>>> print(open('structure.cif').read())   # mmCIF, C-alpha atoms and all ligand atoms
data_protein
#
loop_
_atom_site.label_atom_id
_atom_site.label_comp_id
_atom_site.auth_asym_id
_atom_site.auth_seq_id
_atom_site.Cartn_x
_atom_site.Cartn_y
_atom_site.Cartn_z
CA MET Y 1 120.22 -104.76 251.80
CA ARG Y 2 120.36 -102.61 254.85
CA VAL Y 3 122.40 -104.30 257.50
CA THR Y 4 120.74 -104.15 260.87
CA LEU Y 5 123.39 -105.78 262.97
CA PHE Y 6 124.45 -102.46 264.41
CA SER Y 7 121.15 -102.08 266.17
CA ILE Y 8 122.40 -101.67 269.61
CA LEU Y 9 121.85 -104.24 272.29
CA GLY Y 10 123.88 -102.31 274.77
CA LEU Y 11 126.56 -99.67 274.85
CA PHE Y 12 129.31 -98.91 277.24
CA ALA Y 13 132.28 -96.61 277.28
CA LEU Y 14 135.45 -98.56 276.67
CA SER Y 15 137.62 -97.55 279.57
CA SER Y 16 140.76 -99.18 278.20
CA CYS Y 17 140.61 -97.31 274.92
CA GLN Y 18 143.43 -94.88 274.42
CA VAL Y 19 141.13 -92.24 273.07
CA PRO Y 20 138.55 -91.27 275.66
CA SER Y 21 135.86 -90.21 273.24
CA SER Y 22 135.89 -93.49 271.31
CA ILE Y 23 133.02 -95.74 272.19
CA SER Y 24 132.29 -99.31 271.39
CA LEU Y 25 129.48 -101.76 271.46
CA GLU Y 26 129.79 -104.95 273.38
CA PRO Y 27 132.82 -107.02 272.47
CA SER Y 28 132.18 -110.29 270.73
CA PRO Y 29 133.10 -113.69 272.13
CA HIS Y 30 135.98 -114.02 269.66
CA SER Y 31 137.28 -110.55 270.26
CA GLY Y 32 140.08 -109.92 272.65
CA GLY Y 33 138.02 -107.21 274.28
CA THR Y 34 139.13 -104.12 272.42
CA GLY Y 35 139.01 -105.53 268.90
CA ALA Y 36 136.48 -105.87 266.14
CA GLY Y 37 133.65 -108.28 266.52
CA LYS Y 38 129.98 -108.88 266.29
CA PHE Y 39 127.78 -106.09 267.60
CA LYS Y 40 130.81 -103.92 267.96
CA LYS Y 41 131.68 -100.71 266.20
CA THR Y 42 134.00 -97.95 267.19
CA ILE Y 43 133.46 -94.47 265.84
CA LEU Y 44 135.94 -91.80 265.04
CA ALA Y 45 137.25 -90.06 268.09
CA GLY Y 46 136.53 -86.44 268.75
CA LEU Y 47 133.42 -86.24 266.62
CA GLU Y 48 129.80 -86.02 267.53
CA ALA Y 49 128.72 -88.84 269.77
CA PRO Y 50 126.10 -91.23 268.47
CA THR Y 51 122.56 -91.32 269.71
CA TRP Y 52 122.32 -93.81 272.53
CA GLY Y 53 120.31 -96.79 271.48
CA GLU Y 54 121.10 -96.42 267.80
CA LEU Y 55 124.52 -95.84 266.38
CA LYS Y 56 124.57 -92.99 263.91
CA LEU Y 57 127.40 -93.65 261.53
CA GLU Y 58 126.47 -90.44 259.72
CA SER Y 59 128.02 -88.61 262.63
CA THR Y 60 131.48 -89.76 261.61
CA ILE Y 61 131.47 -89.09 257.88
CA PRO Y 62 128.64 -87.05 256.38
CA GLY Y 63 126.55 -89.26 254.13
CA TRP Y 64 128.15 -92.47 255.33
CA ASP Y 65 125.77 -95.29 255.89
CA ILE Y 66 126.20 -98.99 256.46
CA PRO Y 67 127.50 -100.29 253.14
CA VAL Y 68 124.85 -101.94 251.02
CA ASP Y 69 127.24 -104.36 249.36
CA ASP Y 70 129.74 -106.84 250.73
CA THR Y 71 132.13 -106.04 247.86
CA TYR Y 72 133.18 -102.92 245.99
CA THR Y 73 135.34 -102.67 242.90
CA ARG Y 74 134.00 -99.16 242.25
CA VAL Y 75 130.81 -97.17 242.85
CA SER Y 76 128.29 -95.54 240.54
CA THR Y 77 128.40 -91.78 240.85
CA SER Y 78 127.80 -88.73 238.72
CA GLN Y 79 130.59 -86.92 240.56
CA LYS Y 80 134.13 -86.87 239.27
CA VAL Y 81 135.58 -88.57 242.32
CA ILE Y 82 138.14 -91.34 242.60
CA ALA Y 83 139.78 -93.25 245.45
CA ILE Y 84 143.46 -94.10 245.49
CA THR Y 85 144.49 -96.94 247.79
CA PHE Y 86 147.97 -97.83 248.98
CA ASP Y 87 148.57 -101.39 250.14
CA ASP Y 88 151.10 -103.37 252.16
CA GLY Y 89 152.66 -100.58 254.23
CA PRO Y 90 153.49 -98.74 256.28
CA HIS Y 91 157.04 -98.49 254.99
CA GLY Y 92 159.52 -96.45 257.00
CA VAL Y 93 160.95 -94.54 254.01
CA ASN Y 94 158.39 -94.69 251.20
CA THR Y 95 155.28 -93.96 253.23
CA PRO Y 96 156.44 -90.64 254.74
CA ARG Y 97 157.64 -89.55 251.31
CA LEU Y 98 154.24 -90.40 249.88
CA LEU Y 99 152.44 -88.60 252.72
CA ASP Y 100 154.41 -85.45 251.88
CA MET Y 101 153.26 -85.71 248.24
CA LEU Y 102 149.64 -86.19 249.24
CA LYS Y 103 149.73 -83.32 251.72
CA GLU Y 104 151.25 -80.95 249.18
CA ARG Y 105 148.34 -81.67 246.82
CA LYS Y 106 145.61 -81.95 249.48
CA VAL Y 107 144.87 -85.46 248.20
CA LYS Y 108 143.07 -87.89 250.54
CA ALA Y 109 143.94 -91.57 250.24
CA THR Y 110 143.21 -94.90 251.88
CA PHE Y 111 145.99 -97.09 253.28
CA PHE Y 112 145.38 -100.83 253.59
CA VAL Y 113 148.08 -101.55 256.12
CA VAL Y 114 149.55 -104.92 257.11
CA GLY Y 115 149.92 -105.83 260.78
CA ASP Y 116 153.34 -107.39 260.32
CA MET Y 117 154.57 -104.13 258.75
CA ILE Y 118 153.38 -102.25 261.82
CA LYS Y 119 155.14 -104.74 264.10
CA GLY Y 120 158.22 -104.71 261.89
CA ASN Y 121 158.63 -100.95 262.15
CA PRO Y 122 158.07 -100.27 265.84
CA SER Y 123 159.99 -97.01 265.74
CA SER Y 124 158.16 -95.43 262.81
CA ALA Y 125 154.90 -97.25 262.14
CA PRO Y 126 152.81 -95.85 265.01
CA GLY Y 127 153.77 -92.32 264.10
CA LEU Y 128 153.02 -92.98 260.45
CA LEU Y 129 149.58 -94.36 261.19
CA ARG Y 130 148.76 -91.40 263.40
CA ARG Y 131 150.03 -89.04 260.72
CA MET Y 132 147.77 -90.70 258.14
CA VAL Y 133 144.74 -90.10 260.33
CA ALA Y 134 145.79 -86.58 261.30
CA GLU Y 135 146.15 -85.63 257.64
CA GLY Y 136 142.70 -86.88 256.68
CA HIS Y 137 143.53 -90.28 255.24
CA GLU Y 138 141.72 -93.49 256.01
CA ILE Y 139 143.26 -96.74 257.21
CA GLY Y 140 141.83 -100.09 256.15
CA ASN Y 141 142.53 -103.64 257.31
CA HIS Y 142 144.84 -105.71 255.10
CA THR Y 143 145.34 -108.53 257.66
CA VAL Y 144 148.34 -109.23 259.88
CA THR Y 145 150.36 -111.74 257.83
CA HIS Y 146 149.24 -110.91 254.28
CA GLY Y 147 148.33 -114.58 253.85
CA THR Y 148 145.78 -115.97 251.41
CA LEU Y 149 142.44 -115.66 253.18
CA SER Y 150 140.58 -117.89 250.74
CA ARG Y 151 142.62 -120.83 252.06
CA MET Y 152 141.95 -120.04 255.71
CA SER Y 153 139.30 -121.31 258.11
CA ASP Y 154 136.72 -118.86 259.40
CA ASP Y 155 138.49 -118.73 262.76
CA ALA Y 156 141.87 -118.01 261.14
CA LEU Y 157 140.21 -115.26 259.10
CA ARG Y 158 138.67 -113.79 262.25
CA SER Y 159 142.03 -113.86 263.97
CA GLU Y 160 143.78 -112.09 261.08
CA LEU Y 161 141.20 -109.34 260.96
CA THR Y 162 140.74 -108.91 264.70
CA ARG Y 163 144.45 -108.62 265.42
CA ALA Y 164 145.04 -106.11 262.60
CA HIS Y 165 141.95 -104.17 263.64
CA ASP Y 166 143.19 -103.94 267.21
CA MET Y 167 146.65 -102.78 266.16
CA ILE Y 168 145.24 -99.97 264.02
CA LEU Y 169 142.76 -98.94 266.70
CA LYS Y 170 145.43 -99.00 269.41
CA GLU Y 171 147.80 -96.78 267.46
CA THR Y 172 145.30 -94.29 266.07
CA GLY Y 173 142.13 -94.45 268.15
CA VAL Y 174 140.24 -94.95 264.90
CA ALA Y 175 138.77 -98.27 263.84
CA PRO Y 176 139.21 -99.43 260.25
CA ARG Y 177 135.93 -99.50 258.29
CA SER Y 178 136.83 -101.79 255.45
CA MET Y 179 139.24 -104.51 254.43
CA ARG Y 180 141.11 -105.60 251.35
CA PRO Y 181 141.98 -109.29 250.97
CA PRO Y 182 145.65 -109.86 250.07
CA GLY Y 183 145.84 -110.68 246.39
CA GLY Y 184 142.08 -110.16 246.16
CA ALA Y 185 141.70 -113.81 247.16
CA ILE Y 186 138.47 -114.20 249.10
CA LYS Y 187 135.41 -116.45 249.05
CA SER Y 188 131.85 -115.18 248.94
CA ASP Y 189 130.90 -116.68 252.31
CA GLN Y 190 133.98 -115.02 253.85
CA LYS Y 191 132.85 -111.66 252.49
CA LYS Y 192 129.49 -112.09 254.18
CA LEU Y 193 131.15 -113.08 257.45
CA MET Y 194 133.36 -109.98 257.39
CA LEU Y 195 130.47 -107.66 256.71
CA GLN Y 196 128.27 -109.24 259.36
CA GLU Y 197 130.85 -109.64 262.13
CA PHE Y 198 133.24 -106.76 261.48
CA GLY Y 199 131.12 -104.33 259.46
CA TYR Y 200 133.77 -104.50 256.76
CA PRO Y 201 132.91 -104.35 253.10
CA THR Y 202 135.55 -106.05 250.94
CA ILE Y 203 137.33 -103.43 248.87
CA LEU Y 204 138.79 -104.58 245.56
CA TRP Y 205 139.70 -102.20 242.72
CA SER Y 206 138.84 -101.00 239.23
CA VAL Y 207 142.42 -100.25 238.15
CA ASP Y 208 145.47 -102.43 238.84
CA PRO Y 209 148.65 -101.13 237.19
CA GLU Y 210 150.59 -104.15 238.53
CA ASP Y 211 153.07 -101.78 240.12
CA TRP Y 212 154.42 -104.62 242.27
CA LYS Y 213 156.04 -106.02 239.12
CA ARG Y 214 158.05 -102.79 239.03
CA PRO Y 215 157.37 -101.73 235.44
CA GLY Y 216 158.79 -98.27 236.15
CA PRO Y 217 157.13 -95.08 237.35
CA SER Y 218 156.07 -93.80 233.92
CA VAL Y 219 154.30 -97.07 233.11
CA VAL Y 220 152.53 -97.05 236.48
CA THR Y 221 151.36 -93.50 235.80
CA SER Y 222 150.15 -94.23 232.27
CA ARG Y 223 148.23 -97.34 233.37
CA LEU Y 224 146.55 -95.46 236.21
CA LEU Y 225 145.58 -92.55 233.96
CA LYS Y 226 144.27 -94.90 231.28
CA GLY Y 227 142.12 -96.81 233.75
CA ALA Y 228 140.86 -93.87 235.81
CA SER Y 229 137.12 -93.19 235.77
CA PRO Y 230 134.62 -91.47 238.09
CA GLY Y 231 133.78 -93.72 241.04
CA GLY Y 232 136.86 -95.85 240.44
CA ILE Y 233 139.30 -97.38 242.90
CA LEU Y 234 143.02 -97.29 242.09
CA LEU Y 235 145.25 -100.02 243.54
CA VAL Y 236 148.93 -99.30 244.21
CA HIS Y 237 151.50 -100.16 246.88
CA ASP Y 238 153.45 -97.69 249.02
CA LEU Y 239 155.77 -100.60 249.76
CA HIS Y 240 157.55 -99.95 246.45
CA ALA Y 241 159.69 -96.86 245.86
CA PRO Y 242 159.01 -96.67 242.08
CA THR Y 243 155.28 -96.53 242.83
CA VAL Y 244 155.81 -93.53 245.09
CA ASP Y 245 158.00 -92.02 242.35
CA ALA Y 246 155.01 -92.33 240.01
CA MET Y 247 152.67 -90.39 242.29
CA PRO Y 248 153.51 -86.73 241.61
CA SER Y 249 152.83 -87.10 237.89
CA THR Y 250 149.81 -89.36 238.41
CA LEU Y 251 148.16 -87.16 241.01
CA ASP Y 252 148.88 -83.91 239.18
CA GLN Y 253 147.38 -85.19 235.94
CA LEU Y 254 144.26 -86.60 237.58
CA LEU Y 255 143.78 -83.35 239.50
CA ALA Y 256 144.23 -81.42 236.24
CA GLN Y 257 141.48 -83.60 234.73
CA GLY Y 258 139.16 -82.44 237.49
CA TYR Y 259 139.18 -85.50 239.71
CA ARG Y 260 138.58 -85.11 243.43
CA PHE Y 261 140.26 -87.72 245.60
CA VAL Y 262 138.14 -89.27 248.34
CA THR Y 263 138.71 -92.04 250.85
CA ILE Y 264 137.02 -95.42 250.50
CA SER Y 265 134.37 -94.57 253.10
CA GLU Y 266 133.64 -91.31 251.34
CA LEU Y 267 133.47 -93.08 247.98
CA ILE Y 268 130.97 -95.64 249.28
CA ALA Y 269 128.88 -92.83 250.74
CA LEU Y 270 128.70 -91.31 247.25
CA ASP Y 271 127.35 -94.51 245.66
CA GLU Y 272 124.19 -93.51 243.84
CA ARG Y 273 122.80 -96.98 243.31
CA LYS Y 274 119.45 -97.47 244.94
CA LYS Y 275 119.78 -98.54 248.54
CA GLU Y 276 117.06 -100.69 249.98
NI NI Y 301 148.66 -106.65 249.64
#
>>> encode(input="structure.cif", output="structure tokens")
Amino acid sequence: MRVTLFSILGLFALSSCQVPSSISLEPSPHSGGTGAGKFKKTILAGLEAPTWGELKLESTIPGWDIPVDDTYTRVSTSQKVIAITFDDGPHGVNTPRLLDMLKERKVKATFFVVGDMIKGNPSSAPGLLRRMVAEGHEIGNHTVTHGTLSRMSDDALRSELTRAHDMILKETGVAPRSMRPPGGAIKSDQKKLMLQEFGYPTILWSVDPEDWKRPGPSVVTSRLLKGASPGGILLVHDLHAPTVDAMPSTLDQLLAQGYRFVTISELIALDERKKE
């Protein structure tokens, strides 16, 4: 299914945006004006501008297209690529330590950040989000409150996603492209809503080492290595120090096996299933 909702009805430069070269489509009725919403998409700042009249998402990430699926646990690819995702941050101590590890190894990751964590760390979170973007990582939407979306009304869901979207966009100038439901709890009609109104595919995972149960760094590493496969999505949490402790060994061994780390958008762009 090729989503056509991004066919442009009208475009205008968003004067209130902090990054001058970001552009948006018309805000939706349920958007606060600068947030996500129907017929609205913000592209990465500083990159080639889209063609007026038709948004060219390819201009932001080569090969990126509107996702064909509303849900991804992995993609099918002949390339030895893998995506590692870090949830529930940013954390004032663990996240910068992790970013150092990633930078040292030139590993690109995706961070599904929580709005309340951004609000709870006003002195460090904005800088951390900007550092993520500056160092080539991707930021995804993991809601504001980390509540259970499957128990929420559509309007509550919209509010969670819009507010988190706006916070990320405000701090970085880059709009999130995907979301992960807290706990993976989401209903099929909610997935469709999020894809149609926000352009978000729902990102789940192929490997869950249950690091939040704190089994110890060596166990986290061994579970990730055992579950790793080309096109896979690894789920871990930069909220937990032992998880960050597990990263040097995990990353080094996967790199030694020939894996190339890509962000979630890049992984989806490499999906080789037939797109219609
Ligand atoms: Ni979470």
>>> closest_atom_pairs(input="structure.cif", of="chain Y", to="ligand NI 301 (chain Y)", cutoff="8 Å", atoms="only C-alpha atoms and all ligand atoms", output="tab-separated table")
residue	atom	partner	partner_atom	distance
Y:Asp87	CA	Y:NI301	NI	5.3
Y:Asp88	CA	Y:NI301	NI	4.8
Y:Phe112	CA	Y:NI301	NI	7.8
Y:Val114	CA	Y:NI301	NI	7.7
Y:His142	CA	Y:NI301	NI	6.7
Y:His146	CA	Y:NI301	NI	6.3
Y:Arg180	CA	Y:NI301	NI	7.8
Y:Pro181	CA	Y:NI301	NI	7.3
Y:Pro182	CA	Y:NI301	NI	4.4
Y:Gly183	CA	Y:NI301	NI	5.9
Y:His237	CA	Y:NI301	NI	7.6
>>> residues_around(input="structure.cif", residues="Y:Ser222", least_positions_apart="4", cutoff="10 Å", atoms="all atoms listed in the file", output="PyMOL selection string")
chain Y and resi 209+217-218+226-228+246+249-250
>>> residues_around(input="structure.cif", residues="Y:Ser153", least_positions_apart="4", cutoff="12 Å", atoms="all atoms listed in the file", output="list of chain:residue names")
Y:Thr148, Y:Leu149, Y:Leu157, Y:Arg158, Y:Ser159, Y:Glu160, Y:Ile186, Y:Lys187, Y:Asp189, Y:Gln190, Y:Leu193
>>> closest_residue(input="structure.cif", among="Y:Thr263, Y:Gln253, Y:Thr221, Y:Ser229", to="Y:Ser178", atoms="all atoms listed in the file")
Y:Thr263
>>> residues_around(input="structure.cif", residues="Y:Met132", least_positions_apart="3", cutoff="12 Å", atoms="all atoms listed in the file", output="VMD selection string")
chain Y and resid 86 89 to 90 95 to 96 98 to 100 102 to 103 107 to 113 125 to 129 135 to 140 168 171 to 172 174 263
>>> residues_around(input="structure.cif", residues="Y:Ser206", least_positions_apart="5", cutoff="12 Å", atoms="all atoms listed in the file", output="ChimeraX atom specification")
/Y:72-76,82-85,184,223-224,226-236
>>> closest_residue(input="structure.cif", among="Y:Lys80, Y:Arg130, Y:Lys213, Y:Arg273", to="Y:Ala241", atoms="only C-alpha atoms")
Y:Lys213
>>> atom_distance(input="structure.cif", atom1="atom CA of Y:Asp245", atom2="atom CA of Y:Trp205")
20.9 Å
>>> closest_residue(input="structure.cif", among="Y:Thr243, Y:Arg177, Y:Phe198, Y:His91", to="Y:Ile264", atoms="all atoms listed in the file")
Y:Arg177
>>> atom_distance(input="structure.cif", atom1="atom CA of Y:Gly115", atom2="atom CA of Y:Leu169")
11.6 Å
>>> atom_distance(input="structure.cif", atom1="atom CA of Y:Pro215", atom2="atom CA of Y:Val262")
26.3 Å
>>> closest_residue(input="structure.cif", among="Y:Val81, Y:Leu270, Y:Met179, Y:Val93", to="Y:Val244", atoms="all atoms listed in the file")
Y:Val93
>>> build_atoms(input="structure.cif", residues="stretch 117-128 of chain Y", atoms="all heavy atoms", output="mmCIF file, keeping the file's coordinate frame")
data_model
loop_
_atom_site.group_PDB
_atom_site.id
_atom_site.type_symbol
_atom_site.label_atom_id
_atom_site.label_comp_id
_atom_site.auth_asym_id
_atom_site.auth_seq_id
_atom_site.Cartn_x
_atom_site.Cartn_y
_atom_site.Cartn_z
ATOM 1 N N MET Y 117 153.787 -105.324 259.085
ATOM 2 C CA MET Y 117 154.570 -104.130 258.750
ATOM 3 C C MET Y 117 154.566 -103.145 259.920
ATOM 4 O O MET Y 117 155.540 -102.439 260.157
ATOM 5 C CB MET Y 117 154.024 -103.459 257.491
ATOM 6 C CG MET Y 117 154.221 -104.254 256.230
ATOM 7 S SD MET Y 117 155.972 -104.483 255.812
ATOM 8 C CE MET Y 117 156.424 -102.833 255.249
ATOM 9 N N ILE Y 118 153.449 -103.110 260.626
ATOM 10 C CA ILE Y 118 153.380 -102.250 261.820
ATOM 11 C C ILE Y 118 154.326 -102.798 262.885
ATOM 12 O O ILE Y 118 155.126 -102.062 263.472
ATOM 13 C CB ILE Y 118 151.935 -102.173 262.343
ATOM 14 C CG1 ILE Y 118 151.004 -101.593 261.272
ATOM 15 C CG2 ILE Y 118 151.875 -101.344 263.632
ATOM 16 C CD1 ILE Y 118 149.528 -101.664 261.623
ATOM 17 N N LYS Y 119 154.263 -104.110 263.098
ATOM 18 C CA LYS Y 119 155.140 -104.740 264.100
ATOM 19 C C LYS Y 119 156.602 -104.662 263.698
ATOM 20 O O LYS Y 119 157.488 -104.556 264.539
ATOM 21 C CB LYS Y 119 154.749 -106.210 264.282
ATOM 22 C CG LYS Y 119 153.498 -106.419 265.110
ATOM 23 C CD LYS Y 119 153.351 -107.861 265.549
ATOM 24 C CE LYS Y 119 153.039 -108.786 264.406
ATOM 25 N NZ LYS Y 119 152.659 -110.138 264.807
ATOM 26 N N GLY Y 120 156.856 -104.709 262.382
ATOM 27 C CA GLY Y 120 158.220 -104.710 261.890
ATOM 28 C C GLY Y 120 158.886 -103.348 261.900
ATOM 29 O O GLY Y 120 160.086 -103.235 261.690
ATOM 30 N N ASN Y 121 158.098 -102.316 262.110
ATOM 31 C CA ASN Y 121 158.630 -100.950 262.150
ATOM 32 C C ASN Y 121 158.180 -100.250 263.422
ATOM 33 O O ASN Y 121 157.475 -99.237 263.381
ATOM 34 C CB ASN Y 121 158.132 -100.143 260.934
ATOM 35 C CG ASN Y 121 158.641 -100.705 259.621
ATOM 36 O OD1 ASN Y 121 159.799 -100.539 259.269
ATOM 37 N ND2 ASN Y 121 157.765 -101.400 258.913
ATOM 38 N N PRO Y 122 158.586 -100.797 264.571
ATOM 39 C CA PRO Y 122 158.070 -100.270 265.840
ATOM 40 C C PRO Y 122 158.467 -98.822 266.093
ATOM 41 O O PRO Y 122 157.797 -98.112 266.839
ATOM 42 C CB PRO Y 122 158.678 -101.208 266.886
ATOM 43 C CG PRO Y 122 159.877 -101.788 266.228
ATOM 44 C CD PRO Y 122 159.535 -101.894 264.778
ATOM 45 N N SER Y 123 159.555 -98.384 265.470
ATOM 46 C CA SER Y 123 159.990 -97.010 265.740
ATOM 47 C C SER Y 123 159.244 -95.992 264.887
ATOM 48 O O SER Y 123 159.067 -94.853 265.291
ATOM 49 C CB SER Y 123 161.491 -96.870 265.480
ATOM 50 O OG SER Y 123 161.785 -97.185 264.135
ATOM 51 N N SER Y 124 158.786 -96.401 263.705
ATOM 52 C CA SER Y 124 158.160 -95.430 262.810
ATOM 53 C C SER Y 124 156.691 -95.670 262.526
ATOM 54 O O SER Y 124 155.935 -94.737 262.255
ATOM 55 C CB SER Y 124 158.904 -95.389 261.465
ATOM 56 O OG SER Y 124 158.821 -96.659 260.835
ATOM 57 N N ALA Y 125 156.266 -96.942 262.576
ATOM 58 C CA ALA Y 125 154.900 -97.250 262.140
ATOM 59 C C ALA Y 125 153.811 -96.536 262.939
ATOM 60 O O ALA Y 125 152.893 -95.971 262.345
ATOM 61 C CB ALA Y 125 154.670 -98.751 262.143
ATOM 62 N N PRO Y 126 153.889 -96.530 264.280
ATOM 63 C CA PRO Y 126 152.810 -95.850 265.010
ATOM 64 C C PRO Y 126 152.676 -94.383 264.618
ATOM 65 O O PRO Y 126 151.576 -93.880 264.414
ATOM 66 C CB PRO Y 126 153.225 -96.015 266.480
ATOM 67 C CG PRO Y 126 154.072 -97.241 266.482
ATOM 68 C CD PRO Y 126 154.832 -97.193 265.185
ATOM 69 N N GLY Y 127 153.809 -93.711 264.500
ATOM 70 C CA GLY Y 127 153.770 -92.320 264.100
ATOM 71 C C GLY Y 127 153.212 -92.131 262.706
ATOM 72 O O GLY Y 127 152.481 -91.178 262.438
ATOM 73 N N LEU Y 128 153.533 -93.072 261.819
ATOM 74 C CA LEU Y 128 153.020 -92.980 260.450
ATOM 75 C C LEU Y 128 151.515 -93.177 260.410
ATOM 76 O O LEU Y 128 150.808 -92.479 259.687
ATOM 77 C CB LEU Y 128 153.715 -94.020 259.561
ATOM 78 C CG LEU Y 128 155.150 -93.692 259.166
ATOM 79 C CD1 LEU Y 128 155.787 -94.864 258.442
ATOM 80 C CD2 LEU Y 128 155.183 -92.437 258.289
#
